[in-house]
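Undergrad: Please see the structure below; I have some questions.
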Amino acid sequence: MSFPLSPAQLTDHVTDRLRAAGCVFAEDEARLLLSAADRPDRLAEMLGLRCAGHPLEQVVGFAEFAGLRIALTPGVFVPRRRSEFLVERAVALGAPGAVVLDLCCGSGAIGAALAARLGGVELHAADVDPAAVACARRNLAPYGGVVHLGDLDAPLPADLRARVGLLVANAPYVPTGEIPLLPPEARDHEPPVALDGGADGLAVQRRVAAAAPRWLAPGGHLLIETSERQAPATAALMSRQGLTVRIEQDEERDAAVVIGSSPGGPS
């Protein structure tokens, strides 16, 4: 089905609508919407959602992350560019064939990126949100990943204990009182369970750190994304579990990752 306007007219129309709605990168978003819409009614629907404040990635059905196209559905947490730093630090510590566990996996973006870069990994992921798990299963299927539905490590198989070389977690770390300060795209269209880290922002990280020793292999590594402000507190949580800890930061992406290494291997 053809569009009623010429390509140039259509681009201008979509760009003007997006700009009027306050989209800073209206031209880029217009091109993406036009490439994703295969018919006029679909374009009108997508444009309406975006102008109403829905995240662009949820509207078009995918996010670009670490060189991959990650499938997304409405209501699923959108992977952030800062999380690519977590991927990079994990890859530097991993090796082909590693056993990888992605807790609070959301769409599975981090697990998929690790599998793509390391190759041949045994990949497990888990999330408490059924919509996220369905999305992650789609994204991790090409890598043979197994996605478990449940609260943190509760649904994991017992035979995974003490075998994980890389345990990664982008657990929610926004303090509850700061949720209203988030951009509307996140606050209104992403699940609270993926954002709210409790009163101090560390509630879920605290549980991840406590669970890690059950699953890490000797010399395995736990990597938790956090904020620069919270990184020392996250590091303290991991130190209390007997891990050797260091903090790494990337100012350009406003990213901080705390790395904890279990005994029995290089830190």
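Residue numbers start at 1 in each chain; chains themselves are named A, B, ... in the order of the structure tokens; ligands are numbered from 1 in the order shown.
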Excluding Pro175 (chain A) and its own-chain neighbours fewer than 3 positions away, which residues fall within 10 Å of it when counting only C-alpha atoms? Please give them as a list in words.

TA: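 Answer for this query is Pro172, Glu178, Ile179, Leu195, Asp196, Gly197, Gly198, Ala199, Asp200, Gly201, Leu202 and Ala203 of chain A.
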
Undergrad: Wanna dump the region 46-128 of chain A-region 187-191 of chain A contacts at 12 Å for me, each residue with its shortest atom pair and the distance in Å to one decimal, counting only C-alpha atoms, ordered by chain and number, as a Markdown table?

TA:
| residue | atom | partner | partner_atom | distance |
| --- | --- | --- | --- | --- |
| A:Leu49 | CA | A:His189 | CA | 11.0 |
| A:Arg50 | CA | A:His189 | CA | 11.4 |
| A:Ala52 | CA | A:His189 | CA | 10.8 |
| A:Gly53 | CA | A:His189 | CA | 8.4 |
| A:His54 | CA | A:His189 | CA | 6.4 |
| A:Pro55 | CA | A:His189 | CA | 7.2 |
| A:Leu56 | CA | A:His189 | CA | 10.9 |
| A:Glu57 | CA | A:His189 | CA | 11.2 |
| A:Gln58 | CA | A:His189 | CA | 9.0 |
| A:Val59 | CA | A:His189 | CA | 10.9 |
| A:Leu72 | CA | A:Glu190 | CA | 11.4 |
| A:Thr73 | CA | A:Glu190 | CA | 10.5 |
| A:Pro74 | CA | A:His189 | CA | 7.7 |
| A:Gly75 | CA | A:Glu190 | CA | 5.1 |
| A:Val76 | CA | A:Glu190 | CA | 5.9 |
| A:Phe77 | CA | A:Glu190 | CA | 5.3 |
| A:Val78 | CA | A:Glu190 | CA | 7.7 |
| A:Pro79 | CA | A:Glu190 | CA | 10.9 |
| A:Gly106 | CA | A:Pro191 | CA | 10.0 |
| A:Ser107 | CA | A:Glu190 | CA | 11.8 |
| A:Val128 | CA | A:Pro191 | CA | 11.0 |

Undergrad: For the selection you just gave me, I'd like the residues written to a file as a short mmCIF file (atom, residue, chain, number, x, y, z; two decimals), in the first residue's frame, keeping all heavy atoms.

TA:
data_model
loop_
_atom_site.label_atom_id
_atom_site.label_comp_id
_atom_site.auth_asym_id
_atom_site.auth_seq_id
_atom_site.Cartn_x
_atom_site.Cartn_y
_atom_site.Cartn_z
N LEU A 49 1.65 7.32 19.00
CA LEU A 49 2.24 6.81 20.24
C LEU A 49 3.48 7.61 20.62
O LEU A 49 3.66 7.99 21.78
CB LEU A 49 2.59 5.33 20.08
CG LEU A 49 1.43 4.35 20.03
CD1 LEU A 49 1.92 2.96 19.63
CD2 LEU A 49 0.70 4.29 21.37
N ARG A 50 4.33 7.88 19.63
CA ARG A 50 5.55 8.62 19.94
C ARG A 50 5.24 10.04 20.39
O ARG A 50 5.84 10.54 21.35
CB ARG A 50 6.47 8.64 18.70
CG ARG A 50 7.79 9.36 18.94
CD ARG A 50 8.56 8.73 20.08
NE ARG A 50 9.79 9.48 20.38
CZ ARG A 50 10.25 9.66 21.60
NH1 ARG A 50 9.59 9.19 22.66
NH2 ARG A 50 11.37 10.32 21.80
N ALA A 52 2.71 10.96 21.91
CA ALA A 52 2.10 10.87 23.23
C ALA A 52 3.12 10.55 24.32
O ALA A 52 2.77 10.45 25.49
CB ALA A 52 0.99 9.82 23.24
N GLY A 53 4.39 10.37 23.92
CA GLY A 53 5.45 10.17 24.90
C GLY A 53 5.93 8.76 25.08
O GLY A 53 6.78 8.51 25.94
N HIS A 54 5.45 7.81 24.29
CA HIS A 54 5.93 6.44 24.42
C HIS A 54 7.37 6.36 23.92
O HIS A 54 7.75 7.06 22.97
CB HIS A 54 5.05 5.50 23.59
CG HIS A 54 3.69 5.31 24.15
ND1 HIS A 54 3.28 4.14 24.75
CD2 HIS A 54 2.62 6.15 24.21
CE1 HIS A 54 2.03 4.26 25.16
NE2 HIS A 54 1.61 5.47 24.85
N PRO A 55 8.21 5.54 24.56
CA PRO A 55 9.60 5.42 24.12
C PRO A 55 9.68 5.00 22.65
O PRO A 55 8.96 4.10 22.20
CB PRO A 55 10.17 4.33 25.04
CG PRO A 55 9.30 4.36 26.26
CD PRO A 55 7.93 4.70 25.76
N LEU A 56 10.56 5.64 21.91
CA LEU A 56 10.70 5.36 20.49
C LEU A 56 10.98 3.88 20.25
O LEU A 56 10.43 3.28 19.32
CB LEU A 56 11.84 6.21 19.92
CG LEU A 56 12.16 6.01 18.44
CD1 LEU A 56 10.99 6.44 17.57
CD2 LEU A 56 13.43 6.77 18.06
N GLU A 57 11.82 3.28 21.09
CA GLU A 57 12.20 1.88 20.89
C GLU A 57 11.00 0.95 21.04
O GLU A 57 10.88 -0.06 20.33
CB GLU A 57 13.30 1.49 21.87
CG GLU A 57 14.61 2.23 21.66
CD GLU A 57 14.65 3.59 22.35
OE1 GLU A 57 13.64 4.01 22.94
OE2 GLU A 57 15.72 4.24 22.31
N GLN A 58 10.12 1.25 21.99
CA GLN A 58 8.92 0.44 22.14
C GLN A 58 7.97 0.64 20.96
O GLN A 58 7.27 -0.29 20.54
CB GLN A 58 8.21 0.78 23.44
CG GLN A 58 8.97 0.35 24.70
CD GLN A 58 8.23 0.72 25.96
OE1 GLN A 58 7.13 1.26 25.92
NE2 GLN A 58 8.84 0.45 27.11
N VAL A 59 7.95 1.85 20.42
CA VAL A 59 7.05 2.15 19.29
C VAL A 59 7.48 1.39 18.04
O VAL A 59 6.66 0.78 17.36
CB VAL A 59 7.02 3.66 19.02
CG1 VAL A 59 6.26 3.96 17.73
CG2 VAL A 59 6.37 4.40 20.19
N LEU A 72 11.87 -5.37 21.18
CA LEU A 72 11.21 -4.80 22.36
C LEU A 72 9.70 -4.81 22.14
O LEU A 72 9.22 -4.67 21.02
CB LEU A 72 11.65 -3.37 22.61
CG LEU A 72 13.00 -3.12 23.27
CD1 LEU A 72 13.22 -1.62 23.42
CD2 LEU A 72 13.09 -3.79 24.62
N THR A 73 8.98 -4.95 23.24
CA THR A 73 7.53 -4.83 23.21
C THR A 73 7.11 -3.75 24.20
O THR A 73 7.88 -3.41 25.11
CB THR A 73 6.86 -6.17 23.57
OG1 THR A 73 7.39 -6.64 24.82
CG2 THR A 73 7.10 -7.22 22.50
N PRO A 74 5.92 -3.19 24.05
CA PRO A 74 5.47 -2.15 24.98
C PRO A 74 5.54 -2.62 26.42
O PRO A 74 5.19 -3.76 26.75
CB PRO A 74 4.02 -1.89 24.54
CG PRO A 74 4.02 -2.22 23.09
CD PRO A 74 4.94 -3.40 22.95
N GLY A 75 6.02 -1.73 27.29
CA GLY A 75 6.09 -2.03 28.71
C GLY A 75 7.36 -2.72 29.16
O GLY A 75 7.53 -2.96 30.36
N VAL A 76 8.26 -3.02 28.23
CA VAL A 76 9.52 -3.67 28.59
C VAL A 76 10.61 -2.60 28.67
O VAL A 76 10.69 -1.69 27.83
CB VAL A 76 9.90 -4.75 27.58
CG1 VAL A 76 11.29 -5.32 27.88
CG2 VAL A 76 8.87 -5.88 27.60
N PHE A 77 11.47 -2.71 29.69
CA PHE A 77 12.56 -1.76 29.92
C PHE A 77 13.43 -1.61 28.67
O PHE A 77 13.83 -2.60 28.05
CB PHE A 77 13.40 -2.25 31.10
CG PHE A 77 14.56 -1.36 31.46
CD1 PHE A 77 14.37 -0.23 32.24
CD2 PHE A 77 15.85 -1.66 31.04
CE1 PHE A 77 15.44 0.59 32.59
CE2 PHE A 77 16.92 -0.86 31.38
CZ PHE A 77 16.71 0.27 32.16
N VAL A 78 13.72 -0.37 28.30
CA VAL A 78 14.54 -0.08 27.13
C VAL A 78 16.01 -0.10 27.52
O VAL A 78 16.43 0.66 28.41
CB VAL A 78 14.17 1.30 26.54
CG1 VAL A 78 15.07 1.63 25.35
CG2 VAL A 78 12.69 1.33 26.13
N PRO A 79 16.84 -0.93 26.88
CA PRO A 79 18.26 -0.95 27.24
C PRO A 79 18.92 0.39 26.95
O PRO A 79 18.68 1.01 25.91
CB PRO A 79 18.84 -2.06 26.36
CG PRO A 79 17.86 -2.25 25.26
CD PRO A 79 16.53 -1.89 25.82
N GLY A 106 15.57 -8.17 31.84
CA GLY A 106 14.75 -7.34 30.98
C GLY A 106 14.60 -7.97 29.61
O GLY A 106 14.25 -9.15 29.48
N SER A 107 14.91 -7.22 28.56
CA SER A 107 14.78 -7.71 27.19
C SER A 107 15.83 -8.74 26.82
O SER A 107 15.77 -9.32 25.73
CB SER A 107 14.87 -6.53 26.22
OG SER A 107 16.15 -5.94 26.28
N VAL A 128 11.66 -11.24 36.74
CA VAL A 128 10.40 -11.45 37.43
C VAL A 128 9.20 -11.02 36.59
O VAL A 128 8.06 -11.39 36.90
CB VAL A 128 10.40 -10.71 38.78
CG1 VAL A 128 10.29 -9.20 38.58
CG2 VAL A 128 9.32 -11.22 39.72
#

Undergrad: Contacts of Ala158 (chain A) at 10 Å or less, counting only C-alpha atoms, minus same-chain residues fewer than 4 places along, as a list in words?

TA: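 The contact residues come out as Ala154, Ala162, Arg214 and Trp215 of chain A.
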
Undergrad: Once you have the residues from the selection above, write them out as a PDB file, in the first residue's frame, restricted to N, CA, C and O atoms.

TA:
ATOM      1  N   ALA A 154      15.719 -17.346  42.212  1.00  0.00           N
ATOM      2  CA  ALA A 154      14.822 -18.402  42.678  1.00  0.00           C
ATOM      3  C   ALA A 154      14.505 -19.446  41.607  1.00  0.00           C
ATOM      4  O   ALA A 154      14.414 -20.643  41.920  1.00  0.00           O
ATOM      5  N   ALA A 162      27.700 -22.744  41.460  1.00  0.00           N
ATOM      6  CA  ALA A 162      29.168 -22.771  41.467  1.00  0.00           C
ATOM      7  C   ALA A 162      29.763 -23.004  40.085  1.00  0.00           C
ATOM      8  O   ALA A 162      30.914 -23.426  39.970  1.00  0.00           O
ATOM      9  N   ARG A 214      26.490 -18.258  45.714  1.00  0.00           N
ATOM     10  CA  ARG A 214      25.901 -19.575  45.433  1.00  0.00           C
ATOM     11  C   ARG A 214      26.147 -20.013  43.999  1.00  0.00           C
ATOM     12  O   ARG A 214      26.200 -21.207  43.707  1.00  0.00           O
ATOM     13  N   TRP A 215      26.292 -19.049  43.100  1.00  0.00           N
ATOM     14  CA  TRP A 215      26.319 -19.369  41.676  1.00  0.00           C
ATOM     15  C   TRP A 215      27.691 -19.196  41.035  1.00  0.00           C
ATOM     16  O   TRP A 215      27.986 -19.846  40.020  1.00  0.00           O
TER      17      TRP A 215
END

Undergrad: Return the single residue from A:Leu166, A:Leu237, A:Ala211, A:Ala217 that is closest to Val91 (chain A), with distances computed using only C-alpha atoms.

TA: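 Smallest separation from Val91 (chain A) among the options: A:Leu166.
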
Undergrad: Could you please determine the separation between CA of Ala30 (chain A) and CA of Ala63 (chain A) in Å, to one decimal place?

TA: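 For CA of Ala30 (chain A) relative to CA of Ala63 (chain A), the distance reads 15.3 Å.
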
Undergrad: Fewer than 5 positions away in the same chain doesn't count, so skip those; otherwise give me all residues within 12 Å of Leu47 (chain A), counting only C-alpha atoms, as number ranges by chain.

TA: A: 10-11, 13-21, 23, 26, 29-34, 36-37, 40-42, 52-56, 58-60

Undergrad: The selected residues should be written to file as a JSON list (two decimals), in the first residue's frame (atoms: N, CA and C atoms).

TA:
[["chain", "number", "residue", "atom", "x", "y", "z"],
["A", 10, "LEU", "N", 6.15, 13.40, 3.16],
["A", 10, "LEU", "CA", 5.87, 12.54, 4.32],
["A", 10, "LEU", "C", 6.92, 12.74, 5.40],
["A", 11, "THR", "N", 8.17, 12.82, 5.00],
["A", 11, "THR", "CA", 9.25, 13.05, 5.96],
["A", 11, "THR", "C", 9.06, 14.37, 6.68],
["A", 13, "HIS", "N", 6.26, 16.02, 7.10],
["A", 13, "HIS", "CA", 5.07, 15.94, 7.94],
["A", 13, "HIS", "C", 5.38, 15.24, 9.27],
["A", 14, "VAL", "N", 6.05, 14.09, 9.19],
["A", 14, "VAL", "CA", 6.36, 13.33, 10.40],
["A", 14, "VAL", "C", 7.32, 14.11, 11.28],
["A", 15, "THR", "N", 8.31, 14.73, 10.65],
["A", 15, "THR", "CA", 9.28, 15.52, 11.42],
["A", 15, "THR", "C", 8.61, 16.68, 12.13],
["A", 16, "ASP", "N", 7.71, 17.36, 11.45],
["A", 16, "ASP", "CA", 7.01, 18.50, 12.06],
["A", 16, "ASP", "C", 6.16, 18.04, 13.24],
["A", 17, "ARG", "N", 5.49, 16.91, 13.10],
["A", 17, "ARG", "CA", 4.67, 16.39, 14.21],
["A", 17, "ARG", "C", 5.54, 16.05, 15.42],
["A", 18, "LEU", "N", 6.65, 15.41, 15.15],
["A", 18, "LEU", "CA", 7.54, 15.03, 16.25],
["A", 18, "LEU", "C", 8.15, 16.25, 16.92],
["A", 19, "ARG", "N", 8.56, 17.22, 16.12],
["A", 19, "ARG", "CA", 9.15, 18.43, 16.69],
["A", 19, "ARG", "C", 8.13, 19.17, 17.55],
["A", 20, "ALA", "N", 6.88, 19.23, 17.08],
["A", 20, "ALA", "CA", 5.82, 19.89, 17.85],
["A", 20, "ALA", "C", 5.55, 19.18, 19.17],
["A", 21, "ALA", "N", 5.81, 17.87, 19.18],
["A", 21, "ALA", "CA", 5.60, 17.10, 20.41],
["A", 21, "ALA", "C", 6.79, 17.19, 21.36],
["A", 23, "CYS", "N", 10.12, 16.34, 20.54],
["A", 23, "CYS", "CA", 11.20, 15.39, 20.29],
["A", 23, "CYS", "C", 12.44, 16.14, 19.79],
["A", 26, "ALA", "N", 14.02, 15.06, 16.12],
["A", 26, "ALA", "CA", 12.84, 14.79, 15.30],
["A", 26, "ALA", "C", 13.20, 14.21, 13.93],
["A", 29, "GLU", "N", 14.30, 10.57, 14.30],
["A", 29, "GLU", "CA", 13.17, 9.73, 14.69],
["A", 29, "GLU", "C", 12.20, 9.55, 13.53],
["A", 30, "ALA", "N", 12.02, 10.60, 12.74],
["A", 30, "ALA", "CA", 11.13, 10.50, 11.58],
["A", 30, "ALA", "C", 11.63, 9.43, 10.61],
["A", 31, "ARG", "N", 12.93, 9.44, 10.35],
["A", 31, "ARG", "CA", 13.48, 8.43, 9.44],
["A", 31, "ARG", "C", 13.27, 7.02, 9.98],
["A", 32, "LEU", "N", 13.43, 6.87, 11.28],
["A", 32, "LEU", "CA", 13.27, 5.54, 11.88],
["A", 32, "LEU", "C", 11.81, 5.09, 11.81],
["A", 33, "LEU", "N", 10.90, 5.96, 12.13],
["A", 33, "LEU", "CA", 9.47, 5.62, 12.05],
["A", 33, "LEU", "C", 9.07, 5.26, 10.62],
["A", 34, "LEU", "N", 9.54, 6.03, 9.66],
["A", 34, "LEU", "CA", 9.19, 5.76, 8.27],
["A", 34, "LEU", "C", 9.76, 4.43, 7.80],
["A", 36, "ALA", "N", 10.22, 1.86, 9.68],
["A", 36, "ALA", "CA", 9.58, 0.77, 10.41],
["A", 36, "ALA", "C", 8.12, 0.56, 10.02],
["A", 37, "ALA", "N", 7.50, 1.57, 9.41],
["A", 37, "ALA", "CA", 6.08, 1.49, 9.07],
["A", 37, "ALA", "C", 5.91, 1.00, 7.64],
["A", 40, "PRO", "N", 0.23, 3.18, 5.72],
["A", 40, "PRO", "CA", -0.14, 4.47, 6.32],
["A", 40, "PRO", "C", -0.78, 4.37, 7.70],
["A", 41, "ASP", "N", -1.67, 3.41, 7.89],
["A", 41, "ASP", "CA", -2.33, 3.33, 9.20],
["A", 41, "ASP", "C", -1.35, 2.95, 10.29],
["A", 42, "ARG", "N", -0.36, 2.14, 9.95],
["A", 42, "ARG", "CA", 0.65, 1.76, 10.95],
["A", 42, "ARG", "C", 1.52, 2.97, 11.28],
["A", 52, "ALA", "N", 2.71, 10.96, 21.91],
["A", 52, "ALA", "CA", 2.10, 10.87, 23.23],
["A", 52, "ALA", "C", 3.12, 10.55, 24.32],
["A", 53, "GLY", "N", 4.39, 10.37, 23.92],
["A", 53, "GLY", "CA", 5.45, 10.17, 24.90],
["A", 53, "GLY", "C", 5.93, 8.76, 25.08],
["A", 54, "HIS", "N", 5.45, 7.81, 24.29],
["A", 54, "HIS", "CA", 5.93, 6.44, 24.42],
["A", 54, "HIS", "C", 7.37, 6.36, 23.92],
["A", 55, "PRO", "N", 8.21, 5.54, 24.56],
["A", 55, "PRO", "CA", 9.60, 5.42, 24.12],
["A", 55, "PRO", "C", 9.68, 5.00, 22.65],
["A", 56, "LEU", "N", 10.56, 5.64, 21.91],
["A", 56, "LEU", "CA", 10.70, 5.36, 20.49],
["A", 56, "LEU", "C", 10.98, 3.88, 20.25],
["A", 58, "GLN", "N", 10.12, 1.25, 21.99],
["A", 58, "GLN", "CA", 8.92, 0.44, 22.14],
["A", 58, "GLN", "C", 7.97, 0.64, 20.96],
["A", 59, "VAL", "N", 7.95, 1.85, 20.42],
["A", 59, "VAL", "CA", 7.05, 2.15, 19.29],
["A", 59, "VAL", "C", 7.48, 1.39, 18.04],
["A", 60, "VAL", "N", 8.77, 1.40, 17.73],
["A", 60, "VAL", "CA", 9.24, 0.73, 16.51],
["A", 60, "VAL", "C", 9.49, -0.75, 16.72]]
